[in-house]
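What follows is a set of notes on a single structure, which appears directly below.
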Amino acid sequence: MTMQVVFCDPSADAESWVASLRRHLPGAQVDNWIDGAAAADYAVAWAPPQAFIDQQTRLKALFNVGAGVDKLLALKLPPHLTIIRLDDAGMGVQMAEYVCHAVIRHFREFVQYEAQAAQGVWERRKPHARSAFAVGILGMGVLGQRVASALRHFEFPVNGWSRSHRSVDGVTGYAGLDQLPQFLARSKAVVCLLPLTPDTRNILSRKTLAQLPAGAYVVNVARGDHLVDEDLLALLDSGHLAGATLDVFRTEPLPGGHAFWRHPKIRVTPHTSAQTLLEDSIAQIADKILAFDRGAEIAGRVDAARGY
Ligand code: NDP
Ligand code: OXD
């Protein structure tokens, strides 16, 4: 029987994605989903509508075209649906360069140098001790580990926080809520790379951000709902936090009137820290579909009960 694959991403250029899937899976029948389409064996989808899930009743697995599955898990899914998320697929290196850029920009005081240059001021600022500038990464999964290794390349001390204990070369590991206060107190910059789950929603709040050392810097590249916007603004305005680089927001696009756009200590980018790359993603998904179909073990299985 010919393998049936259905693609569904209402925000994508479906023609290009379907064409790439067809190239990588020449033996399969690949179609873009339309309402009422026949049920397929495998789905390749990003943020599909509930009707897609309700109609695709015989899926052997759904391949999520992204690392985060929060939007997918917010749907009503059949309890035993196998979900596989993207595993790096070219996002790790992008995330590493984005986070290193944000951290180094703050650590090396480029903002201040730009202000000086605008005034024609030639003045060296006193260097900061790198060994005293530990960067804390919330979420030491696929992307967190890639970012950690890039930061280590620049010889920053790195702290990592995860749900379970993880031993990562060159990283001081912390796990669970019990160890979150120590992790925060020892991190001069904090980078959020957690999945959005009931346990991690609002994790960057006044309570946690106030536990960072005075003058700390915040980078959120995970999901907007991790951050309590008003709490960040209050701690920036009180002077406890030095600044923030934000790539993700509760409402995207970030509404025109949102205070983040104009705050002098906040830098905003449009959910671009690690973009999903068509060819890398489809190559990975196609390989995994074939492996799954022959019964082989594959990486990136989502545990829906855990939320990631
Ligand atoms: P992984 O699933 O590989 O890693 C998740 C990490 O978070 C793991 O280390 C996990 O701990 C940890 N974690 C989960 N829940 C908790 C918790 N309650 N307490 C402490 N630690 C927890 O995900 P990825 O690294 O692939 O991706 C991370 C997120 O990045 C995605 O979910 C997505 O939201 C975001 N993202 C953003 C992009 C952007 O462009 N802005 C692009 C791609 C992803 P443990 O190791 O113990 O399991
Ligand atoms: C993802 C994203 O989760 O693009 O992959 O945010």
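Chain lettering (A, B, ...) mirrors the order of the structure tokens, residue numbering begins at 1 for each chain separately, and ligand numbering begins at 1 in order of display.
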
Residues within 8 Å of ligand 1 (only C-alpha atoms and all ligand atoms), as a ChimeraX atom specification?
/A:66-70,86-88,91,95,138-145,161-166,175-177,192-197,199-200,220-223,247-248,271-276,300,306-308

Same residues, C-alpha atoms, saved as a short mmCIF file (atom, residue, chain, number, x, y, z; two decimals), in the first residue's frame:
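This is the output file result_21.cif:
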data_model
loop_
_atom_site.label_atom_id
_atom_site.label_comp_id
_atom_site.auth_asym_id
_atom_site.auth_seq_id
_atom_site.Cartn_x
_atom_site.Cartn_y
_atom_site.Cartn_z
CA GLY A 66 8.89 22.96 15.07
CA ALA A 67 10.54 22.21 18.38
CA GLY A 68 7.75 23.51 20.62
CA VAL A 69 4.53 21.53 20.83
CA ASP A 70 2.53 23.89 23.07
CA LEU A 86 11.86 18.73 15.35
CA ASP A 87 15.20 17.93 16.85
CA ASP A 88 17.48 20.92 16.13
CA MET A 91 17.73 25.76 14.73
CA MET A 95 19.76 29.97 18.60
CA LEU A 138 16.59 27.60 31.78
CA GLY A 139 15.99 24.40 29.79
CA MET A 140 18.98 22.22 28.96
CA GLY A 141 17.44 20.27 26.09
CA VAL A 142 18.51 20.15 22.47
CA LEU A 143 18.67 23.94 22.05
CA GLY A 144 19.81 24.78 25.59
CA GLN A 145 22.81 22.46 25.25
CA TRP A 161 18.52 24.28 34.87
CA SER A 162 16.38 21.35 33.85
CA ARG A 163 13.61 19.15 35.24
CA SER A 164 15.82 16.11 35.74
CA HIS A 165 19.51 16.10 36.65
CA ARG A 166 21.70 16.43 33.57
CA ALA A 175 17.41 20.64 38.61
CA GLY A 176 13.88 21.14 39.82
CA LEU A 177 12.20 23.93 41.74
CA CYS A 192 14.85 30.98 28.73
CA LEU A 193 14.84 27.90 26.52
CA LEU A 194 12.08 25.96 28.25
CA PRO A 195 9.10 24.38 26.56
CA LEU A 196 5.80 26.06 27.46
CA THR A 197 3.97 23.72 29.85
CA ASP A 199 4.77 24.08 35.04
CA THR A 200 6.77 26.68 33.11
CA ASN A 220 13.63 35.08 26.32
CA VAL A 221 13.75 32.95 23.18
CA ALA A 222 11.25 30.28 24.21
CA ARG A 223 7.63 31.46 24.47
CA ASP A 247 12.14 37.29 20.71
CA VAL A 248 8.78 35.83 21.75
CA HIS A 271 10.20 35.44 16.78
CA THR A 272 13.22 34.95 14.62
CA SER A 273 15.91 33.64 16.96
CA ALA A 274 15.76 30.18 15.32
CA GLN A 275 13.65 29.91 12.22
CA THR A 276 12.36 26.61 10.93
CA GLY A 300 12.13 13.64 19.42
CA ARG A 306 4.80 15.97 30.50
CA GLY A 307 3.97 18.68 27.95
CA TYR A 308 7.14 18.46 25.82
#

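Excluding Gly215 in chain A itself and any same-chain residue fewer than 4 positions from it, the protein and nucleic acid residues within 6 Å of it, counting only C-alpha atoms, are His240, Leu241 and Ala242 of chain A.
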
Can you tell me, as a ChimeraX atom specification, what residues are no more than 9 Å from Ala38 in chain A when counting only C-alpha atoms, ignoring any on the same chain fewer than 5 positions away?
/A:33,55-56

Tell me which protein, DNA and RNA residues are within 6 Å of range 9-22 of chain A, counting only C-alpha atoms, leaving out same-chain ones fewer than 5 positions away, and put them as an MDAnalysis selection string.
chainID A and resid 45:46 48

Nearby residues (only C-alpha atoms) at most 12 Å from Cys100 in chain A, same-chain spacing under 2 positions excluded, as a compact mmCIF listing (two decimals) with N, CA and C atoms, in the first residue's frame:
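Result file is selection_3.txt:
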# COMPACT_ATOMS: atom_id res chain seq x y z
N VAL A 93 22.11 26.13 15.79
CA VAL A 93 23.18 27.11 15.50
C VAL A 93 22.62 28.52 15.46
N GLN A 94 21.39 28.66 14.95
CA GLN A 94 20.76 29.99 14.93
C GLN A 94 20.52 30.49 16.36
N MET A 95 20.03 29.59 17.21
CA MET A 95 19.76 29.97 18.60
C MET A 95 21.06 30.34 19.30
N ALA A 96 22.12 29.57 18.99
CA ALA A 96 23.42 29.85 19.62
C ALA A 96 23.91 31.24 19.22
N GLU A 97 23.79 31.58 17.93
CA GLU A 97 24.32 32.90 17.52
C GLU A 97 23.46 34.02 18.08
N TYR A 98 22.15 33.80 18.14
CA TYR A 98 21.24 34.84 18.66
C TYR A 98 21.54 35.11 20.14
N ALA A 102 23.19 38.46 21.98
CA ALA A 102 22.49 39.24 23.03
C ALA A 102 23.35 39.34 24.29
N VAL A 103 23.96 38.21 24.68
CA VAL A 103 24.75 38.18 25.92
C VAL A 103 26.02 39.03 25.75
N ILE A 104 26.69 38.87 24.61
CA ILE A 104 27.95 39.59 24.40
C ILE A 104 27.68 41.09 24.24
N ARG A 105 26.59 41.41 23.59
CA ARG A 105 26.22 42.82 23.41
C ARG A 105 26.08 43.49 24.79
N HIS A 106 25.46 42.76 25.71
CA HIS A 106 25.31 43.31 27.06
C HIS A 106 26.65 43.30 27.81
N PHE A 107 27.32 42.15 27.81
CA PHE A 107 28.56 41.99 28.59
C PHE A 107 29.64 42.97 28.15
N ARG A 108 29.77 43.18 26.83
CA ARG A 108 30.82 44.06 26.30
C ARG A 108 30.35 45.51 26.17
N VAL A 135 26.29 32.73 32.87
CA VAL A 135 25.03 32.78 32.12
C VAL A 135 24.22 31.54 32.50
N ILE A 137 21.05 29.05 31.85
CA ILE A 137 20.12 28.63 30.80
C ILE A 137 18.99 27.82 31.43
N ARG A 146 23.01 23.33 22.99
CA ARG A 146 23.76 23.94 21.87
C ARG A 146 24.20 25.36 22.24
N VAL A 147 23.29 26.08 22.91
CA VAL A 147 23.61 27.45 23.34
C VAL A 147 24.71 27.42 24.40
N ALA A 148 24.61 26.46 25.32
CA ALA A 148 25.63 26.34 26.37
C ALA A 148 27.00 26.14 25.75
N SER A 149 27.07 25.28 24.74
CA SER A 149 28.40 25.00 24.19
C SER A 149 28.94 26.23 23.45
N ALA A 150 28.06 27.01 22.84
CA ALA A 150 28.53 28.25 22.17
C ALA A 150 29.02 29.26 23.20
N LEU A 151 28.31 29.39 24.31
CA LEU A 151 28.73 30.34 25.36
C LEU A 151 30.05 29.90 25.99
N ARG A 152 30.23 28.59 26.12
CA ARG A 152 31.48 28.06 26.68
C ARG A 152 32.65 28.41 25.75
N HIS A 153 32.36 28.44 24.46
CA HIS A 153 33.40 28.80 23.49
C HIS A 153 33.97 30.19 23.80
N PHE A 154 33.11 31.08 24.32
CA PHE A 154 33.58 32.42 24.69
C PHE A 154 34.01 32.48 26.16
N GLU A 155 34.09 31.30 26.76
CA GLU A 155 34.61 31.13 28.14
C GLU A 155 33.74 31.76 29.22
N PHE A 156 32.43 31.89 28.95
CA PHE A 156 31.52 32.30 30.02
C PHE A 156 31.26 31.09 30.90
N ALA A 189 23.16 36.56 33.73
CA ALA A 189 22.22 36.67 32.62
C ALA A 189 21.42 35.39 32.62
N VAL A 190 20.14 35.48 32.28
CA VAL A 190 19.33 34.27 32.24
C VAL A 190 18.71 34.15 30.85
N VAL A 191 18.76 32.93 30.31
CA VAL A 191 18.25 32.67 28.96
C VAL A 191 17.14 31.64 29.09
N VAL A 219 17.13 37.09 28.63
CA VAL A 219 16.91 36.77 27.21
C VAL A 219 15.79 35.73 27.15
N THR A 245 16.51 41.07 26.10
CA THR A 245 16.33 40.82 24.68
C THR A 245 15.21 39.81 24.56
N SER A 273 14.62 34.10 16.42
CA SER A 273 15.91 33.64 16.96
C SER A 273 16.35 32.33 16.29

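Here CA of Cys8 in chain A stands at a distance of 22.7 Å from CA of Pro270 in chain A.
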
Give me the residues within 8 Å of Ala39 in chain A as number ranges by chain, counting only C-alpha atoms and dropping any in the same chain fewer than 2 places off.
A: 37, 41, 55-59

What does the file look like for those residues with C-alpha atoms, as a PDB file, in the first residue's frame?
ATOM      1  CA  ALA A  37      -9.456  15.318   2.738  1.00  0.00           C
ATOM      2  CA  ASP A  41      -0.924   7.530   7.591  1.00  0.00           C
ATOM      3  CA  GLN A  55     -10.629  14.305  10.481  1.00  0.00           C
ATOM      4  CA  GLN A  56      -7.206  12.596  10.447  1.00  0.00           C
ATOM      5  CA  THR A  57      -8.413   9.604  12.435  1.00  0.00           C
ATOM      6  CA  ARG A  58      -5.907   6.957  11.368  1.00  0.00           C
ATOM      7  CA  LEU A  59      -2.566   8.710  11.843  1.00  0.00           C
TER       8      LEU A  59
END

Using only C-alpha atoms, pick whichever of A:Ala210, A:Ala291, A:Val99, A:Val158 has the shortest atom-to-atom distance to Leu246 in chain A.
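Among the listed residues, the smallest separation from Leu246 in chain A belongs to A:Val99.
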
Set the distance at 12 Å and use only C-alpha atoms: which residues neighbour Arg125 in chain A once local chain neighbours fewer than 2 positions away are removed? I'd like the list as number ranges by chain.
A: 107-113, 116, 121-123, 127-128

Go ahead and write the residues just picked, all heavy atoms, as a compact mmCIF listing (two decimals), in the first residue's frame.
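Output (result02.txt):
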# COMPACT_ATOMS: atom_id res chain seq x y z
N PHE A 107 27.32 42.15 27.81
CA PHE A 107 28.56 41.99 28.59
C PHE A 107 29.64 42.97 28.15
O PHE A 107 30.35 43.56 28.97
CB PHE A 107 29.04 40.54 28.46
CG PHE A 107 30.32 40.26 29.17
CD1 PHE A 107 30.39 40.26 30.56
CD2 PHE A 107 31.49 40.00 28.45
CE1 PHE A 107 31.58 40.00 31.23
CE2 PHE A 107 32.68 39.74 29.10
CZ PHE A 107 32.73 39.75 30.50
N ARG A 108 29.77 43.18 26.83
CA ARG A 108 30.82 44.06 26.30
C ARG A 108 30.35 45.51 26.17
O ARG A 108 31.07 46.35 25.61
CB ARG A 108 31.32 43.53 24.94
CG ARG A 108 32.04 42.20 25.03
CD ARG A 108 33.38 42.33 25.76
NE ARG A 108 34.23 43.32 25.15
CZ ARG A 108 35.11 43.09 24.16
NH1 ARG A 108 35.27 41.88 23.71
NH2 ARG A 108 35.84 44.06 23.66
N GLU A 109 29.13 45.78 26.63
CA GLU A 109 28.59 47.15 26.69
C GLU A 109 28.55 47.84 25.32
O GLU A 109 28.88 49.01 25.20
CB GLU A 109 29.37 47.99 27.71
CG GLU A 109 29.35 47.38 29.10
CD GLU A 109 29.94 48.31 30.15
OE1 GLU A 109 31.14 48.66 30.01
OE2 GLU A 109 29.22 48.68 31.07
N PHE A 110 28.13 47.09 24.31
CA PHE A 110 28.04 47.69 22.97
C PHE A 110 26.99 48.80 22.91
O PHE A 110 27.14 49.74 22.14
CB PHE A 110 27.75 46.61 21.91
CG PHE A 110 28.96 45.79 21.57
CD1 PHE A 110 29.05 44.45 21.90
CD2 PHE A 110 30.04 46.39 20.91
CE1 PHE A 110 30.18 43.71 21.59
CE2 PHE A 110 31.18 45.65 20.60
CZ PHE A 110 31.25 44.30 20.94
N VAL A 111 25.95 48.66 23.72
CA VAL A 111 24.91 49.71 23.70
C VAL A 111 25.53 51.04 24.14
O VAL A 111 25.32 52.08 23.51
CB VAL A 111 23.74 49.32 24.64
CG1 VAL A 111 22.71 50.44 24.73
CG2 VAL A 111 23.08 48.04 24.15
N GLN A 112 26.34 50.96 25.21
CA GLN A 112 27.00 52.18 25.71
C GLN A 112 27.99 52.71 24.68
O GLN A 112 28.10 53.93 24.49
CB GLN A 112 27.70 51.89 27.04
CG GLN A 112 26.73 51.64 28.21
CD GLN A 112 26.21 50.20 28.29
OE1 GLN A 112 26.29 49.43 27.32
NE2 GLN A 112 25.67 49.82 29.44
N TYR A 113 28.74 51.81 24.03
CA TYR A 113 29.70 52.28 23.00
C TYR A 113 28.98 52.94 21.83
O TYR A 113 29.47 53.91 21.25
CB TYR A 113 30.58 51.13 22.52
CG TYR A 113 31.71 50.81 23.48
CD1 TYR A 113 31.80 49.58 24.11
CD2 TYR A 113 32.69 51.78 23.77
CE1 TYR A 113 32.83 49.30 25.01
CE2 TYR A 113 33.72 51.50 24.66
CZ TYR A 113 33.78 50.27 25.28
OH TYR A 113 34.79 50.01 26.17
N GLN A 116 28.09 56.35 22.94
CA GLN A 116 29.29 57.19 22.92
C GLN A 116 29.65 57.60 21.50
O GLN A 116 29.95 58.76 21.23
CB GLN A 116 30.49 56.41 23.51
CG GLN A 116 30.44 56.26 25.01
CD GLN A 116 31.69 55.57 25.58
OE1 GLN A 116 31.68 55.17 26.71
NE2 GLN A 116 32.76 55.44 24.80
N VAL A 121 32.36 60.28 21.18
CA VAL A 121 33.19 60.13 22.39
C VAL A 121 34.10 58.91 22.23
O VAL A 121 33.63 57.79 22.01
CB VAL A 121 32.29 59.95 23.65
CG1 VAL A 121 33.14 59.65 24.89
CG2 VAL A 121 31.44 61.19 23.87
N TRP A 122 35.42 59.12 22.37
CA TRP A 122 36.42 58.03 22.32
C TRP A 122 36.82 57.73 23.75
O TRP A 122 37.60 58.47 24.35
CB TRP A 122 37.62 58.50 21.50
CG TRP A 122 38.74 57.49 21.42
CD1 TRP A 122 39.68 57.22 22.37
CD2 TRP A 122 39.02 56.61 20.33
NE1 TRP A 122 40.53 56.24 21.96
CE2 TRP A 122 40.17 55.84 20.71
CE3 TRP A 122 38.43 56.40 19.08
CZ2 TRP A 122 40.71 54.87 19.86
CZ3 TRP A 122 39.01 55.43 18.25
CH2 TRP A 122 40.13 54.69 18.65
N GLU A 123 36.25 56.66 24.31
CA GLU A 123 36.55 56.38 25.71
C GLU A 123 36.38 54.89 25.97
O GLU A 123 35.30 54.34 25.72
CB GLU A 123 35.57 57.17 26.59
CG GLU A 123 35.91 57.18 28.06
CD GLU A 123 34.87 58.02 28.81
OE1 GLU A 123 34.84 59.25 28.62
OE2 GLU A 123 34.08 57.43 29.56
N PRO A 127 36.93 46.79 31.57
CA PRO A 127 36.40 45.45 31.26
C PRO A 127 35.80 44.76 32.49
O PRO A 127 36.26 45.00 33.61
CB PRO A 127 37.63 44.68 30.76
CG PRO A 127 38.81 45.45 31.18
CD PRO A 127 38.40 46.86 31.47
N HIS A 128 34.80 43.93 32.27
CA HIS A 128 34.20 43.16 33.36
C HIS A 128 34.87 41.78 33.43
O HIS A 128 35.32 41.26 32.42
CB HIS A 128 32.70 42.97 33.13
CG HIS A 128 31.96 44.27 33.11
ND1 HIS A 128 31.80 45.06 34.22
CD2 HIS A 128 31.35 44.93 32.08
CE1 HIS A 128 31.12 46.14 33.89
NE2 HIS A 128 30.84 46.09 32.61

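With CA of Thr172 in chain A on one side and CA of Pro157 in chain A on the other, the separation reads 8.2 Å.
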
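Each of A:Gly160, A:Gly92, A:Gly243, A:Gly120 was compared to ligand 2 using only C-alpha atoms and all ligand atoms, and A:Gly92 turns out to be the nearest.
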
Write out as a VMD selection string all residues of range 59-205 of chain A that DSSP puts in alpha helix (DSSP H) for this structure's backbone.
chain A and resid 70 to 73 91 to 107 110 to 118 142 to 153 180 to 185

Which one of A:Leu236, A:Leu277, A:Leu62, A:Leu77 sits closest to ligand 2 if you count only C-alpha atoms and all ligand atoms?
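Of A:Leu236, A:Leu277, A:Leu62, A:Leu77, the one nearest ligand 2 is A:Leu277, counting only C-alpha atoms and all ligand atoms.
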
Among the residues of range 90-275 of chain A, find those DSSP assigns to strand (DSSP E or B) from the backbone and print them as a ChimeraX atom specification.
/A:135-138,158-162,171-175,189-192,204,216-220,227,241-246,266-268

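Nearest to ligand 2 of all the residues A:Phe133, A:Tyr174, A:Phe249, A:Tyr217 is A:Phe249, based on only C-alpha atoms and all ligand atoms.
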